[in-house]
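Here the structure is laid out as structure tokens; the discussion comes afterwards.
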Amino acid sequence: MREIGHFIGGKEVKGTSGRFGDVFDPNTGEVQAKVALADRSEVERAIADAEAAQPAWAATNPQRRARVMFKFLELIQRDFENLARLLSSEHGKVIADARGDIQRGIEVVEFACGIPHLMKGEYTESAGPGIDLYSMRQPLGVVAGITPFNFPAMIPLWKCAPAIACGNAFVLKPSERDPSVPMRIAELFIEAGLPPGILNVVNGDKEAVDTLLVDKRVKAIGFVGSSAIAEYVYATGCAHGKRVQCFGGAKNHMIVMPDADMDQAVDALIGAGYGSAGERCMAVSVAVPVGRKTADTLVEKLIPRVEGLRIGPSTDAQADYGPLVTRELLEKVRGYVDSGVREGAKLLVDGRGFKLQGYENGHFIGGCLFDEVTPDMKIYKEEIFGPVLSVVRAKDYEEAVRLPSEHEYGNGVAIFTRDGDAARDFADRVNVGMVGINFAIPVPLAYYTFGGWKRSAFGDLNQHGPDSIRFYTKTKTVTSRWPSGIRSGSEFVIPTMK
Ligand code: NAD
């Protein structure tokens with residue numbers, strides 16, 4: 001059986017804790033590899049190694065650091081298809097979607113290539129007599145990232161590329177469900193010329209995370225995963241004096257106004273609700289048609305589309321989506337559908353019993369569609385993370401704005417309408433971090449920032465874009481007086497330079 005270790009000091013090393021996790025083939029349900037689960041001493045070794053390597057990397061000029069990013073881009077393009085297949089084989093998303101996962105990661109590496117410009121400070125000449133004032137950005141030192149299973153290329157790259165470009169050393173703790181692509185990313189960075197120790201990968205679970213959270217040498221933690229763990233990581237990391245940003249779960253609504261292009265809205269709902277089997281933090285899991293007529297038309301159009309979804313192994317180029325990552329998640333999603341039925345929602349399409357011929361033990365579930373879901377139901381309140389779409393009927397626009405605004409999650413939201421006034425009003429008033437207008441999955445591009453509101457994010461800076469440079473650097477401000485001969489005597493009041 002293939003064994004996946006850790007990546008420390010520029011190479012893969014075997015795990016020594018004696019503990020392993022299973023990496024499944026979600027298509028067959030079989031275990032395809034064992035991943036080492038680091039104990040405290042292994043994580044501490046990765047941190048020590050990163051700490052030793054970091055000062056020389058920080059002293060490397062930013063254009064040289066950028067060159068490593070440029071070279072990495074070349075190498076990831078070279079290996080693109082192999083990486084997509086590897087990613088798909090552990091996650092279960094179809095290969096076209098795996099390509100998108102890598103592509104959205106690449107775009108943040110492209111952003112990080114601009115580091116000489118991004119890290120420039122500010123300068124004011126003659127802020128006072130002979131006094132110049134300037135600020136500079138310096139790296140934090142050793143920083144860590146803890147990432148989820150659902151984007152095993154994109155999110156590790158969102159975290160490590162800006163951090164490394166800023167001159168930090170990075171310890172990545174990827175999801176133990178699909179660790180192979182993060183390990184390949186580390187290898188490619190070494191091939192691109194990154195000094196050993198600047199990107200270390202420790203595989204593991206809570207023990208590895210807890211070690212990162214309390215170790216004084218780790219100055220910042222970026223986390224992405226479910227909200228309960230995000231909150232725990234945020235509280236624990238902050239209590240240990242770290243800079244922390246944690247991105248959590250979601251319940252993304254899509255409002256369908258009576259004047260929307262219904263076919264466009266249905267296409268969008270099918271893709272955003274069922275793509276990647278719903279395992280996306282920006283998946284649309286709630287459709288909110290406004291008015292009874294809109295709801296009836298929408299539901300009527302959705303039913304055949306959900307029934308007609310093509311579910312196949314992740315290698316099937318024609319499949320709309322593949323299996324869920326683990327049997328555990330499959331059972332959880334089925335449990336949510338059971339609970340929706342118990343609570344009185346109308347299950348219009350039931351995918352619970354779906355079996356794929358030849359892949360009977362794979363983690364497959366058919367698309368599920370609920371109508372008449374209400375805000376008090378568990379399937380509305382909680383994130384399901386599977387191919388389940390809930391229709392919540394709103395009687396008017398005001399109710400439609402209120403639903404996502406009052407939900408405890410606030411990651412993404414969308415409105416489909418032909419009315420510019422409504423769209424503009426919605427974008428202004430809705431209490432959610434990322435908004436789409438006739439666009440179902442509004443993941444901002446790399447040079448903007450990504451982040452939800454409410455229980456979808458803990459901390460005050462977003463991921464990628466300019467916020468990532470702020471997060472991974474500290475600002476130093478220098479007040480300097482030249483020439484040295486200027487004398488103004490001893491000043492006993494606060495200098496004002498007026
Ligand atoms: P998860 O919370 O189970 O795991 C995330 C990370 O935390 C993993 O590295 C895991 O090993 C670690 N972890 C798990 N349990 C832990 C514990 N008790 N203590 C410390 N660390 C622990 O999440 P997941 O299932 O891998 O990913 C899916 C979740 O991630 C969904 O909720 C999804 O919405 C969310 N997500 C959010 C965003 C975003 O940007 N907001 C993006 C992608 C995914």
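Letters A, B, ... go to the chains of the structure tokens in the order shown; residues in each chain start at 1; ligands are counted from 1 in the same order.
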For the contact check between range 60-117 of chain A and range 188-196 of chain A, emit one row per residue of range 60-117 of chain A within 6 Å, containing the shortest atom pair and the distance in Å rounded to one decimal, counting only C-alpha atoms, chain then rising number order, as a Markdown table.
| residue | atom | partner | partner_atom | distance |
| --- | --- | --- | --- | --- |
| A:Val68 | CA | A:Ala192 | CA | 5.6 |
| A:Lys71 | CA | A:Ala192 | CA | 5.2 |
| A:Phe72 | CA | A:Ala192 | CA | 5.1 |
Same residues, all heavy atoms, output as a PDB file, in the first residue's frame:
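Contents of selection-v7.pdb, freshly written:
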ATOM      1  N   VAL A  68      10.988  32.573  -8.386  1.00  0.00           N
ATOM      2  CA  VAL A  68      10.627  31.205  -7.981  1.00  0.00           C
ATOM      3  C   VAL A  68       9.144  30.959  -8.287  1.00  0.00           C
ATOM      4  O   VAL A  68       8.755  29.886  -8.768  1.00  0.00           O
ATOM      5  CB  VAL A  68      10.931  30.978  -6.477  1.00  0.00           C
ATOM      6  CG1 VAL A  68      10.390  29.641  -6.003  1.00  0.00           C
ATOM      7  CG2 VAL A  68      12.432  31.080  -6.220  1.00  0.00           C
ATOM      8  N   LYS A  71       8.754  30.428 -12.007  1.00  0.00           N
ATOM      9  CA  LYS A  71       9.224  29.088 -12.401  1.00  0.00           C
ATOM     10  C   LYS A  71       8.199  28.029 -11.962  1.00  0.00           C
ATOM     11  O   LYS A  71       7.903  27.089 -12.700  1.00  0.00           O
ATOM     12  CB  LYS A  71      10.600  28.826 -11.749  1.00  0.00           C
ATOM     13  CG  LYS A  71      11.250  27.533 -12.160  1.00  0.00           C
ATOM     14  CD  LYS A  71      11.692  27.564 -13.604  1.00  0.00           C
ATOM     15  CE  LYS A  71      12.068  26.193 -14.104  1.00  0.00           C
ATOM     16  NZ  LYS A  71      12.240  26.140 -15.564  1.00  0.00           N
ATOM     17  N   PHE A  72       7.647  28.217 -10.772  1.00  0.00           N
ATOM     18  CA  PHE A  72       6.625  27.277 -10.275  1.00  0.00           C
ATOM     19  C   PHE A  72       5.445  27.224 -11.247  1.00  0.00           C
ATOM     20  O   PHE A  72       4.911  26.156 -11.530  1.00  0.00           O
ATOM     21  CB  PHE A  72       6.167  27.698  -8.876  1.00  0.00           C
ATOM     22  CG  PHE A  72       5.045  26.851  -8.340  1.00  0.00           C
ATOM     23  CD1 PHE A  72       5.309  25.625  -7.752  1.00  0.00           C
ATOM     24  CD2 PHE A  72       3.727  27.271  -8.440  1.00  0.00           C
ATOM     25  CE1 PHE A  72       4.277  24.830  -7.274  1.00  0.00           C
ATOM     26  CE2 PHE A  72       2.689  26.482  -7.967  1.00  0.00           C
ATOM     27  CZ  PHE A  72       2.964  25.258  -7.379  1.00  0.00           C
TER      28      PHE A  72
END
Contacts to ligand 1 at 8 Å cut-off (only C-alpha atoms and all ligand atoms) as a ChimeraX atom specification: /A:146-151,155,173-177,204-210,223-230,232-233,246-250,279-282,383,385,411,450-452,456-457,463
Among range 60-211 of chain A, which ones does DSSP place in alpha helix (DSSP H), written as a count of residues only? 81
Under the rule that only C-alpha atoms are counted, which of A:Gly367, A:Gly9, A:Gly273, A:Pro116 is the nearest residue to Leu348 in chain A?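 Checking each of A:Gly367, A:Gly9, A:Gly273, A:Pro116 against Leu348 in chain A, counting only C-alpha atoms, the winner is A:Gly367.
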Between A:Lys381, A:Lys355, A:Asn438, A:Pro444, which is the closest to Ala422 in chain A once you count only C-alpha atoms? A:Asn438
A:Ile469, A:Ile365, A:Val401, A:Ala317 ranked by distance to Ile164 in chain A, top pick (using only C-alpha atoms): A:Ile469
Non-local contacts of Asp296 in chain A (12 Å; only C-alpha atoms; under 5 positions in same chain excluded) as a list in words: Val256, Pro258, Met262, Val288, Pro289, Val290, Gly291, Lys301, Leu302, Ile303, Asp371, Glu372, Val391, Val392, Arg393 and Ala394 of chain A
Mind dumping the selected residues with N, CA and C atoms as a CSV table (one decimal), in the first residue's frame?
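The result, written out as again25.csv:
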chain,number,residue,atom,x,y,z
A,256,VAL,N,-34.2,34.2,-7.0
A,256,VAL,CA,-34.7,34.2,-8.4
A,256,VAL,C,-35.9,35.1,-8.4
A,258,PRO,N,-39.0,37.4,-10.2
A,258,PRO,CA,-40.0,37.1,-11.2
A,258,PRO,C,-39.6,37.4,-12.6
A,262,MET,N,-35.5,32.6,-16.7
A,262,MET,CA,-35.6,31.4,-15.9
A,262,MET,C,-34.7,30.3,-16.4
A,288,VAL,N,-34.2,30.7,-3.8
A,288,VAL,CA,-35.2,31.5,-3.2
A,288,VAL,C,-36.0,32.1,-4.3
A,289,PRO,N,-37.0,31.4,-4.9
A,289,PRO,CA,-37.9,32.1,-5.9
A,289,PRO,C,-38.8,33.1,-5.2
A,290,VAL,N,-39.0,34.2,-5.9
A,290,VAL,CA,-39.8,35.3,-5.3
A,290,VAL,C,-41.2,35.2,-5.9
A,291,GLY,N,-42.2,35.0,-5.1
A,291,GLY,CA,-43.6,34.9,-5.6
A,291,GLY,C,-43.9,33.5,-6.0
A,301,LYS,N,-39.1,23.4,-13.8
A,301,LYS,CA,-38.0,23.3,-14.7
A,301,LYS,C,-36.8,22.6,-14.0
A,302,LEU,N,-36.7,22.7,-12.7
A,302,LEU,CA,-35.6,22.0,-12.0
A,302,LEU,C,-35.8,20.5,-12.0
A,303,ILE,N,-37.0,20.0,-11.7
A,303,ILE,CA,-37.2,18.6,-11.5
A,303,ILE,C,-36.5,17.7,-12.6
A,371,ASP,N,-38.6,21.0,-2.0
A,371,ASP,CA,-39.4,22.2,-2.1
A,371,ASP,C,-40.0,22.4,-0.7
A,372,GLU,N,-40.6,23.7,-0.6
A,372,GLU,CA,-41.2,24.0,0.7
A,372,GLU,C,-40.4,23.8,1.9
A,391,VAL,N,-35.5,24.5,-1.9
A,391,VAL,CA,-36.2,25.6,-2.4
A,391,VAL,C,-37.0,26.2,-1.2
A,392,VAL,N,-36.7,27.5,-0.9
A,392,VAL,CA,-37.4,28.2,0.1
A,392,VAL,C,-38.2,29.3,-0.6
A,393,ARG,N,-39.5,29.2,-0.5
A,393,ARG,CA,-40.3,30.2,-1.3
A,393,ARG,C,-40.5,31.5,-0.5
A,394,ALA,N,-40.1,32.6,-1.2
A,394,ALA,CA,-40.3,33.9,-0.5
A,394,ALA,C,-41.5,34.6,-1.1
Write out as a list in words which residues come within 8 Å of Gly322 in chain A when counting only C-alpha atoms, dropping same-chain ones fewer than 2 positions away. Asn27, Gly92, Lys93, Val94, Ser276, Ala277, Ile311, Gly312, Pro313, Ser314, Ala319, Asp320, Leu324 and Phe364 of chain A
File of the preceding selection, N, CA and C atoms, as a short mmCIF file (atom, residue, chain, number, x, y, z; two decimals), in the first residue's frame:
data_model
loop_
_atom_site.label_atom_id
_atom_site.label_comp_id
_atom_site.auth_asym_id
_atom_site.auth_seq_id
_atom_site.Cartn_x
_atom_site.Cartn_y
_atom_site.Cartn_z
N ASN A 27 -14.36 6.47 -5.84
CA ASN A 27 -15.13 5.76 -6.87
C ASN A 27 -15.45 4.33 -6.45
N GLY A 92 -12.48 12.80 -5.74
CA GLY A 92 -13.70 12.30 -6.37
C GLY A 92 -14.36 13.31 -7.30
N LYS A 93 -13.84 14.54 -7.36
CA LYS A 93 -14.44 15.49 -8.31
C LYS A 93 -13.99 15.10 -9.72
N VAL A 94 -14.84 15.42 -10.71
CA VAL A 94 -14.50 15.03 -12.08
C VAL A 94 -13.28 15.83 -12.56
N SER A 276 -19.41 19.40 -8.47
CA SER A 276 -18.54 18.90 -7.40
C SER A 276 -19.36 18.23 -6.29
N ALA A 277 -20.51 17.66 -6.67
CA ALA A 277 -21.41 16.99 -5.72
C ALA A 277 -21.79 17.89 -4.54
N ILE A 311 -24.31 11.14 -13.18
CA ILE A 311 -23.37 10.90 -12.08
C ILE A 311 -22.47 9.74 -12.49
N GLY A 312 -21.19 9.94 -12.39
CA GLY A 312 -20.29 8.89 -12.86
C GLY A 312 -19.00 8.90 -12.06
N PRO A 313 -18.12 7.94 -12.37
CA PRO A 313 -16.81 7.96 -11.70
C PRO A 313 -16.08 9.24 -12.07
N SER A 314 -15.18 9.65 -11.23
CA SER A 314 -14.52 10.94 -11.45
C SER A 314 -13.73 10.96 -12.76
N ALA A 319 -19.43 12.93 -17.06
CA ALA A 319 -20.20 13.02 -15.80
C ALA A 319 -20.32 14.47 -15.33
N ASP A 320 -21.48 14.79 -14.74
CA ASP A 320 -21.67 16.12 -14.16
C ASP A 320 -20.96 16.21 -12.81
N LEU A 324 -18.83 11.40 -3.48
CA LEU A 324 -18.41 12.22 -2.33
C LEU A 324 -17.08 11.68 -1.81
N PHE A 364 -21.35 7.34 -3.98
CA PHE A 364 -22.23 8.10 -4.88
C PHE A 364 -23.59 8.38 -4.25
#
Identify all residues of range 282-368 of chain A in strand (DSSP E or B) (DSSP on the backbone) and supply them as a list of chain:residue names.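 Here is the list: A:Val284, A:Ser285, A:Val286, A:Ala287, A:Val288, A:Pro289, A:Val290, A:Ile311, A:Tyr321, A:Lys346, A:Leu347, A:Leu348, A:Val349, A:Cys368.
Comparing the minimum interatomic distances between Asp376 in chain A and each of A:Leu461, A:Leu403, A:Val31, A:Val478, counting only C-alpha atoms, we find that A:Leu403 sits nearest.
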Using CA of Val23 in chain A and CA of Asp178 in chain A as the two end points, give the distance in Å to one decimal. 6.5 Å
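The residue that comes closest to Ser339 in chain A, out of A:Lys378, A:Asp316, A:Glu300, A:Val325 and on the basis of only C-alpha atoms, is A:Lys378.
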Would you mind reading off the distance between CA of Pro152 in chain A and CA of Lys251 in chain A, one decimal, in Å?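 Result for CA of Pro152 in chain A versus CA of Lys251 in chain A: 20.9 Å, one decimal.
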